[in-house]
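Raw input_39.tsv, TSV, C-alpha atoms:
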chain	number	residue	atom	x	y	z
A	1	MET	CA	101.73	88.92	169.22
A	2	LYS	CA	101.47	85.23	168.32
A	3	ARG	CA	99.49	86.17	165.24
A	4	LEU	CA	102.23	88.60	164.19
A	5	VAL	CA	104.93	85.92	164.55
A	6	VAL	CA	102.87	83.43	162.52
A	7	ILE	CA	102.26	85.91	159.70
A	8	VAL	CA	105.90	87.06	159.54
A	9	ALA	CA	107.11	83.43	159.58
A	10	LEU	CA	104.60	82.56	156.84
A	11	ALA	CA	105.73	85.53	154.75
A	12	ILE	CA	109.41	84.52	155.09
A	13	LEU	CA	108.67	80.86	154.35
A	14	LEU	CA	106.48	81.53	151.31
A	15	GLY	CA	108.83	84.26	150.06
A	16	ALA	CA	111.79	81.87	150.24
A	17	GLY	CA	109.72	79.12	148.59
A	18	ALA	CA	108.67	81.49	145.80
A	19	TYR	CA	112.34	82.46	145.33
A	20	LEU	CA	113.49	78.85	145.00
A	21	ILE	CA	110.69	77.83	142.62
A	22	SER	CA	111.01	80.98	140.49
A	23	TYR	CA	114.79	80.60	140.28
A	24	GLY	CA	114.34	77.04	139.04
A	25	VAL	CA	111.71	78.11	136.49
A	26	ALA	CA	113.78	81.09	135.33
A	27	ARG	CA	116.87	78.90	134.93
A	28	CYS	CA	114.80	76.55	132.80
A	29	THR	CA	113.59	79.50	130.70
A	30	PHE	CA	117.22	80.48	130.14
A	31	CYS	CA	118.29	76.84	130.14
A	32	GLN	CA	120.17	77.14	126.87
A	33	MET	CA	123.24	78.25	128.76
A	34	PRO	CA	126.37	78.10	126.61
A	35	ASP	CA	128.72	75.21	127.23
A	36	ALA	CA	131.85	76.56	128.93
A	37	SER	CA	134.10	73.98	127.27
A	38	ASP	CA	132.98	74.84	123.73
A	39	PRO	CA	133.83	78.41	122.61
A	40	SER	CA	131.59	78.33	119.53
A	41	CYS	CA	128.58	77.30	121.64
A	42	TRP	CA	127.98	81.00	122.19
A	43	LEU	CA	127.07	81.30	118.50
A	44	ARG	CA	124.44	78.60	118.80
A	45	VAL	CA	122.71	80.24	121.77
A	46	GLU	CA	123.13	83.90	120.78
A	47	PHE	CA	122.15	83.46	117.12
A	48	HIS	CA	119.58	80.68	117.60
A	49	LEU	CA	121.25	78.25	115.22
A	50	SER	CA	119.65	74.98	114.19
A	51	ASP	CA	121.61	71.74	114.50
A	52	VAL	CA	122.49	71.84	110.78
A	53	GLN	CA	123.62	75.47	110.93
A	54	TYR	CA	125.63	74.81	114.07
A	55	ALA	CA	127.31	71.77	112.51
A	56	GLN	CA	128.26	73.94	109.52
A	57	VAL	CA	129.64	76.65	111.80
A	58	LYS	CA	131.59	74.05	113.78
A	59	LYS	CA	133.16	72.76	110.55
A	60	LEU	CA	134.16	76.29	109.57
A	61	GLU	CA	135.65	76.81	113.02
A	62	ALA	CA	137.59	73.55	112.78
A	63	ASP	CA	139.00	74.55	109.38
A	64	TYR	CA	139.89	78.02	110.58
A	65	HIS	CA	141.40	77.10	113.95
A	66	PRO	CA	144.84	75.77	112.79
A	67	HIS	CA	145.29	78.88	110.67
A	68	CYS	CA	144.25	81.08	113.60
A	69	VAL	CA	146.90	79.43	115.82
A	70	ALA	CA	149.55	79.94	113.11
A	71	MET	CA	148.53	83.60	112.76
A	72	CYS	CA	148.74	84.03	116.52
A	73	ASP	CA	152.35	82.77	116.46
A	74	GLN	CA	153.24	85.02	113.53
A	75	ILE	CA	151.81	88.10	115.25
A	76	LYS	CA	153.64	87.24	118.47
A	77	GLN	CA	156.97	86.77	116.65
A	78	SER	CA	156.54	89.94	114.64
A	79	ARG	CA	155.68	91.95	117.77
A	80	LEU	CA	158.60	90.52	119.71
A	81	ALA	CA	161.08	91.21	116.90
A	82	LEU	CA	159.83	94.78	116.62
A	83	LYS	CA	159.98	95.32	120.35
A	84	ASN	CA	163.56	93.99	120.55
A	85	LEU	CA	164.70	96.18	117.66
A	86	ILE	CA	163.11	99.30	119.13
A	87	LEU	CA	164.80	98.69	122.48
A	88	ALA	CA	168.16	97.75	120.92
A	89	ASN	CA	168.42	100.91	118.80
A	90	GLY	CA	168.56	104.49	119.93
A	91	THR	CA	167.28	105.84	116.62
A	92	MET	CA	165.22	104.85	113.60
A	93	THR	CA	167.09	102.23	111.57
A	94	PRO	CA	166.33	100.42	108.30
A	95	GLU	CA	165.84	97.21	110.33
A	96	ILE	CA	163.11	98.83	112.38
A	97	GLU	CA	161.45	100.11	109.21
A	98	THR	CA	161.52	96.60	107.76
A	99	ALA	CA	160.19	95.10	111.01
A	100	LEU	CA	157.38	97.69	111.06
A	101	GLN	CA	156.46	96.86	107.47
A	102	LYS	CA	156.49	93.16	108.29
A	103	ASP	CA	154.30	93.73	111.36
A	104	SER	CA	151.83	95.72	109.26
A	105	ALA	CA	151.79	92.97	106.63
A	106	VAL	CA	151.11	90.32	109.28
A	107	GLN	CA	148.31	92.44	110.75
A	108	GLN	CA	146.84	92.99	107.30
A	109	GLU	CA	146.89	89.25	106.63
A	110	TRP	CA	145.37	88.49	110.02
A	111	ARG	CA	142.55	90.99	109.45
A	112	GLU	CA	141.79	89.65	105.99
A	113	ASP	CA	141.72	86.05	107.21
A	114	MET	CA	139.56	86.85	110.18
A	115	LEU	CA	137.13	88.91	108.12
A	116	ARG	CA	136.94	86.11	105.55
A	117	HIS	CA	136.10	83.68	108.35
A	118	PHE	CA	133.46	86.02	109.81
A	119	TYR	CA	131.81	86.28	106.39
A	120	GLU	CA	131.77	82.50	106.02
A	121	VAL	CA	130.26	82.01	109.48
A	122	SER	CA	127.64	84.73	108.88
A	123	GLN	CA	126.60	83.00	105.66
A	124	ALA	CA	125.97	79.78	107.56
A	125	MET	CA	123.43	81.62	109.74
A	126	PRO	CA	119.92	82.85	108.94
A	127	PRO	CA	120.32	86.20	107.07
A	128	ALA	CA	119.16	88.46	109.92
A	129	GLU	CA	121.30	86.66	112.48
A	130	GLY	CA	124.25	86.65	110.10
A	131	LYS	CA	123.98	90.41	109.80
A	132	ARG	CA	123.83	90.78	113.57
A	133	TYR	CA	126.86	88.50	113.92
A	134	LEU	CA	128.83	90.68	111.51
A	135	GLN	CA	127.84	93.81	113.41
A	136	ILE	CA	129.18	92.29	116.64
A	137	MET	CA	132.38	90.92	115.08
A	138	GLU	CA	133.17	94.00	113.01
A	139	ALA	CA	134.67	95.69	116.07
A	140	GLN	CA	137.20	92.86	116.32
A	141	THR	CA	138.67	93.68	112.93
A	142	LEU	CA	138.35	97.47	112.98
A	143	GLU	CA	139.04	98.26	116.62
A	144	PRO	CA	140.77	95.22	118.15
A	145	GLN	CA	142.23	97.15	121.10
A	146	LYS	CA	138.83	98.58	122.03
A	147	ALA	CA	137.22	95.16	121.73
A	148	ALA	CA	139.93	93.57	123.90
A	149	ASP	CA	139.50	96.30	126.53
A	150	ALA	CA	135.76	95.65	126.56
A	151	MET	CA	136.45	91.97	127.18
A	152	VAL	CA	138.76	92.72	130.11
A	153	ALA	CA	136.36	95.26	131.67
A	154	PRO	CA	134.07	93.77	134.36
A	155	HIS	CA	130.56	93.07	133.06
B	1	MET	CA	73.54	105.86	201.79
B	2	ASN	CA	71.96	108.35	204.16
B	3	PRO	CA	71.39	111.65	202.28
B	4	GLU	CA	72.19	113.64	205.42
B	5	HIS	CA	75.59	111.95	205.78
B	6	ASP	CA	76.18	112.47	202.11
B	7	GLN	CA	75.68	116.21	202.44
B	8	GLN	CA	78.03	116.30	205.43
B	9	LEU	CA	80.69	114.38	203.53
B	10	LYS	CA	80.46	116.74	200.60
B	11	ALA	CA	80.84	119.77	202.84
B	12	LEU	CA	83.83	118.18	204.55
B	13	LEU	CA	85.51	117.41	201.25
B	14	ARG	CA	85.00	120.98	200.09
B	15	GLU	CA	86.75	122.27	203.21
B	16	TRP	CA	89.62	119.77	203.00
B	17	GLN	CA	92.92	121.12	201.71
B	18	PRO	CA	95.74	118.61	201.17
B	19	GLU	CA	98.94	119.62	202.87
B	20	ALA	CA	101.35	117.34	201.01
B	21	ASP	CA	104.53	118.99	199.68
B	22	LEU	CA	104.74	118.44	195.96
B	23	PRO	CA	108.21	118.21	194.42
B	24	VAL	CA	109.53	121.15	192.45
B	25	ARG	CA	108.28	121.23	188.81
B	26	PHE	CA	105.84	118.45	189.63
B	27	GLU	CA	103.26	119.60	187.11
B	28	SER	CA	105.75	119.99	184.22
B	29	GLU	CA	107.21	116.55	184.99
B	30	VAL	CA	103.74	115.00	184.74
B	31	TRP	CA	103.11	116.64	181.39
B	32	HIS	CA	106.57	115.59	180.19
B	33	ARG	CA	105.87	111.95	181.05
B	34	ILE	CA	102.51	112.07	179.27
B	35	ALA	CA	104.20	113.50	176.19
B	36	LEU	CA	106.87	110.77	176.28
B	37	HIS	CA	104.21	108.08	176.55
B	38	GLU	CA	102.29	109.52	173.58
B	39	GLU	CA	105.48	109.68	171.55
B	40	LYS	CA	106.33	106.05	172.31
B	41	ARG	CA	102.88	104.91	171.28
B	42	SER	CA	103.10	106.59	167.89
B	43	SER	CA	106.67	105.40	167.16
B	44	TRP	CA	107.22	103.05	164.18
B	45	MET	CA	109.90	101.21	166.09
B	46	ASN	CA	107.61	99.61	168.63
B	47	PHE	CA	105.90	97.55	165.90
B	48	ASP	CA	102.43	98.26	167.23
B	49	TRP	CA	101.48	99.22	163.70
B	50	LEU	CA	102.52	95.76	162.50
B	51	LEU	CA	100.50	94.17	165.25
B	52	GLN	CA	97.50	96.22	164.15
B	53	ILE	CA	98.01	95.30	160.51
B	54	THR	CA	98.21	91.59	161.23
B	55	CYS	CA	94.90	91.79	163.02
B	56	GLN	CA	93.30	92.66	159.68
B	57	PRO	CA	93.14	89.56	157.42
B	58	ARG	CA	93.38	91.56	154.19
B	59	LEU	CA	96.52	93.36	155.25
B	60	ALA	CA	98.06	90.17	156.63
B	61	PHE	CA	97.41	88.50	153.29
B	62	ALA	CA	98.97	91.50	151.52
B	63	ILE	CA	102.17	91.09	153.59
B	64	VAL	CA	102.47	87.44	152.60
B	65	ALA	CA	101.64	88.23	148.96
B	66	ILE	CA	104.30	90.97	148.84
B	67	ALA	CA	106.87	88.53	150.28
B	68	VAL	CA	105.99	85.99	147.57
B	69	LEU	CA	106.16	88.63	144.84
B	70	MET	CA	109.52	89.88	146.10
B	71	GLY	CA	110.88	86.33	146.20
B	72	THR	CA	109.71	85.71	142.63
B	73	GLY	CA	111.06	89.02	141.35
B	74	LEU	CA	114.44	88.58	143.03
B	75	ALA	CA	114.82	85.03	141.69
B	76	THR	CA	113.96	86.05	138.13
B	77	TRP	CA	116.35	89.01	138.27
B	78	GLN	CA	119.15	86.85	139.66
B	79	ALA	CA	118.63	84.12	137.06
B	80	GLN	CA	118.74	86.76	134.31
B	81	GLN	CA	121.95	88.24	135.73
B	82	ASN	CA	123.59	84.81	135.86
B	83	TYR	CA	122.50	84.14	132.29
B	84	HIS	CA	123.92	87.43	131.01
B	85	HIS	CA	127.22	86.82	132.84
B	86	ALA	CA	127.48	83.34	131.37
B	87	MET	CA	126.72	84.69	127.89
B	88	ALA	CA	129.31	87.47	128.20
B	89	ALA	CA	131.96	84.98	129.34
B	90	SER	CA	131.02	82.65	126.50
B	91	LYS	CA	131.28	85.49	123.96
B	92	THR	CA	134.76	86.34	125.25
B	93	ARG	CA	135.81	82.69	124.92
B	94	TYR	CA	134.55	82.61	121.33
B	95	ILE	CA	136.33	85.84	120.35
B	96	LEU	CA	139.56	84.59	121.89
B	97	SER	CA	139.22	81.40	119.88
B	98	VAL	CA	138.85	83.19	116.53
B	99	ASP	CA	140.91	86.33	117.00
B	100	PRO	CA	144.66	85.78	117.48
B	101	PHE	CA	145.27	89.47	118.07
B	102	ALA	CA	142.69	89.66	120.88
B	103	ASN	CA	144.40	86.65	122.39
B	104	ILE	CA	147.76	88.43	122.37
B	105	LEU	CA	146.31	91.70	123.67
B	106	LEU	CA	144.51	89.94	126.46
B	107	THR	CA	147.51	87.88	127.54
B	108	SER	CA	149.74	90.98	127.45
B	109	ASN	CA	147.17	92.93	129.54
B	110	ARG	CA	147.16	90.26	132.26
Once more with this new file: its structure as structure tokens, please.
Amino acid sequence: MKRLVVIVALAILLGAGAYLISYGVARCTFCQMPDASDPSCWLRVEFHLSDVQYAQVKKLEADYHPHCVAMCDQIKQSRLALKNLILANGTMTPEIETALQKDSAVQQEWREDMLRHFYEVSQAMPPAEGKRYLQIMEAQTLEPQKAADAMVAPH
Amino acid sequence: MNPEHDQQLKALLREWQPEADLPVRFESEVWHRIALHEEKRSSWMNFDWLLQITCQPRLAFAIVAIAVLMGTGLATWQAQQNYHHAMAASKTRYILSVDPFANILLTSNR
């Protein structure tokens, strides 16, 4: 009986030790964890960017960001105006038609800008990685609702 | 022992008939208890099998080795899971930073 206790205790002890060591080693293997405070850090890890490539991508992001914020405001305003008009009227009016056209124009502009930015970023990457980046980001421009749903869904 | 006495004892034993009153279903009860005992011995829950295994050095070593392997496997799997979760969260943060529409959709969904 004593022998049994010793062997079970040894198995638990060594198993736990192996877990702790392996977890440490595995974390080191995957040590290039993206920095939570830097959104574009994902690009560096996922697409294996060099320091030069990453610096170039960061510059592109910095140039694009103010425009992205402005676009965000425009989309919000356009959506809100459309929503208010739809709720205020009981039927289709010329104002709603105009608001719809404006919303479409804003969306068109947003898509063009975003796609332009994606192309620029992909060109700063090695060709194969750039292609993969475009494949991932393409859903954002073609199916934004689907992409947003995928982001909300639990992983 | 005297062989004559031995013969006498044997004859006496042959003639002897016990007069004790056995309880009802005595024989079946005995067999039932034997069966229960056999069943208990072969049960996995009494851990006799583990005791027997640990008496064999090779099998004892195998138990420890399996524990080590399971610990290693579990740790690697968990580290991978954590990495994939961190990457997925990071990807979401990036997309929200470059896509104003995703930002609006996400904030309106919440």
Per-residue nearest contacts of chain B to chain A (6 Å; only C-alpha atoms) as a tab-separated table:
residue	atom	partner	partner_atom	distance
B:Leu51	CA	A:Leu4	CA	5.9
B:Thr54	CA	A:Leu4	CA	5.8
B:Val64	CA	A:Ala11	CA	4.3
B:Ala67	CA	A:Gly15	CA	4.7
B:Val68	CA	A:Gly15	CA	4.2
B:Gly71	CA	A:Tyr19	CA	4.2
B:Thr72	CA	A:Tyr19	CA	5.0
B:Ala75	CA	A:Tyr23	CA	4.6
B:Thr76	CA	A:Ala26	CA	5.7
B:Ala79	CA	A:Arg27	CA	5.9
B:Ser90	CA	A:Trp42	CA	5.5
B:Lys91	CA	A:Trp42	CA	5.8
B:Arg93	CA	A:Pro39	CA	5.3
B:Tyr94	CA	A:Pro39	CA	4.4
B:Pro100	CA	A:Cys72	CA	4.5
B:Ala102	CA	A:Ala148	CA	5.7
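The protein and nucleic acid residues lying at most 10 Å from Asp103 (chain A) are Gln74, Ile75, Lys76, Gln77, Ser78, Arg79, Leu80, Ala81, Leu82, Glu97, Thr98, Ala99, Leu100, Val106, Gln107, Gln108 and Glu109 of chain A, with all atoms listed in the file considered and sequence neighbours fewer than 3 positions away removed.
Interatomic distance, CA of Gln56 (chain A) to CA of Ala124 (chain A): 6.6 Å.
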